[in-house]
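Asker: Can you keep this structure in mind? I'll have questions shortly.
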Amino acid sequence: MSVSYGGQAVLEGVMMRGPAVWSVAVRTPDGEIVAVTTKVTSPMQRHRVWRLPVIRGVIALGESLAIGFRALAISANYAMQEEREEGAEGEPAEVSTEISKGQIIFSFVLAIGFALMLFKVGPALLTSWLPIDGTYLFVVVEGLIRVAVFILYIVLIGLLPDLKRVFQYHAAEHKAINALEAGSELTPEKVQKFSLIHPRCGTAFLLWVMVIGIFVFAFVGRPVWYWLIISRILLLPVIAGLAYELIRYAGKHQDNRVLMSLLAPGLWLQRLTTRQPDLDQIEVSIRALEEVIRVEQAESEDALRAESRVEVMA
């Protein structure tokens, strides 16, 4: 019975997720590691239709986004603890494990809207203003612009000092999952030896969303500007589902050299979103992963069988 694990970096911490449990571990300002663990019931556990190819990718993406924003909210609360302690000496700092639901929803909508405009709608409109003849040339140029914008965006945010630590935690997450999948003991020293690259990484997923979009949009043609915008938004779930199937397959066939060579651009791109972590950061990622495993091991055999149907991105 195979169970996959994934996660993401947060502020001074890591979120790890299994099929039915996720946990976020954060290094607090006083050096301690705190973990918040939550159970989640995926639709893929309950209904077979949600586990069908492509559809399961849309469900997985939605779950990843929702859990990711909640994990970020938790880590942000612990980060704000330091500011409250510095601003009010002698007053005990109270830390909530949840920012308000309204704030999470607002941040979620704002982030999704920004991403759609920057990576989907923007490149499509920009390409429509260029003197390009032919549908296929149009979608290829649009795709190249989209990939270029994405890579430039990653490079620019990578220059921010605060993002360096987030990228280190991203690598710590990958190393811990690689170590677990290799059957290694989960100690910081041993986990440090593993690769900071993983085929199921969300960075690679986003790149393949853009590449696959070139082929999907070729069927749409070159409509008027408003249909151009609508098609780029409405077809995103289909493209995301196809990209999910690709990286899911890659995650199961990491020993296939031909496949890994074809997917190499997605692996190379992870070099831009990861930095070599230190042992303290790896310790945080291990804590998050161990919390997930601990809760899952307490589940019944029937529950584990249902959980094994759900796969997550690394």
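By order in the structure tokens, chains are A, B, ...; within a chain, residues start at 1; ligands start at 1, following the order shown.
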Might you pull out every residue within 7 Å of segment 14-21 of chain A, with only C-alpha atoms counted and same-chain residues fewer than 5 positions away left off, and present them as a ChimeraX atom specification?
Answerer: /A:4-9,26,38-42,71,169,173,284-285,288-289,292,296,307-308,310-312
Asker: Skipping near chain neighbours, those fewer than 4 positions away, what residues fall within 12 Å of Ile157 of chain A using only C-alpha atoms, listed as a ChimeraX atom specification?
Answerer: /A:150-153,161-164,166-167,272-273
Asker: Which residue is closest to Gly57 of chain A? Choose from A:Leu186, A:Ile233, A:Ala76, A:Val238 and count only C-alpha atoms.
Answerer: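 Nearest candidate to Gly57 of chain A out of A:Leu186, A:Ile233, A:Ala76, A:Val238: A:Val238.
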Asker: Please identify all polymer residues within 12 Å of Leu126 of chain A, counting only C-alpha atoms, omitting same-chain residues fewer than 6 positions from it, and present them as JSON, numbers by chain.
Answerer: {"A": [117, 118, 119, 120, 132, 138, 139, 141, 142, 143, 144, 145, 146, 149, 225, 228, 229]}
Asker: Considering only C-alpha atoms, return as a list in words whatever protein or nucleic-acid residues lie within 12 Å of Leu52 of chain A, sequence-local ones (same chain, fewer than 2 positions apart) excluded.
Answerer: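 Surrounding residues, per the criterion: Pro43, Met44, Gln45, His47, Arg48, Val49, Trp50, Val54, Ile55, Arg56, Gly57, Val58, Ile59, Ala60, Gly241, Leu242, Tyr244, Glu245, Arg309 and Val310 of chain A.
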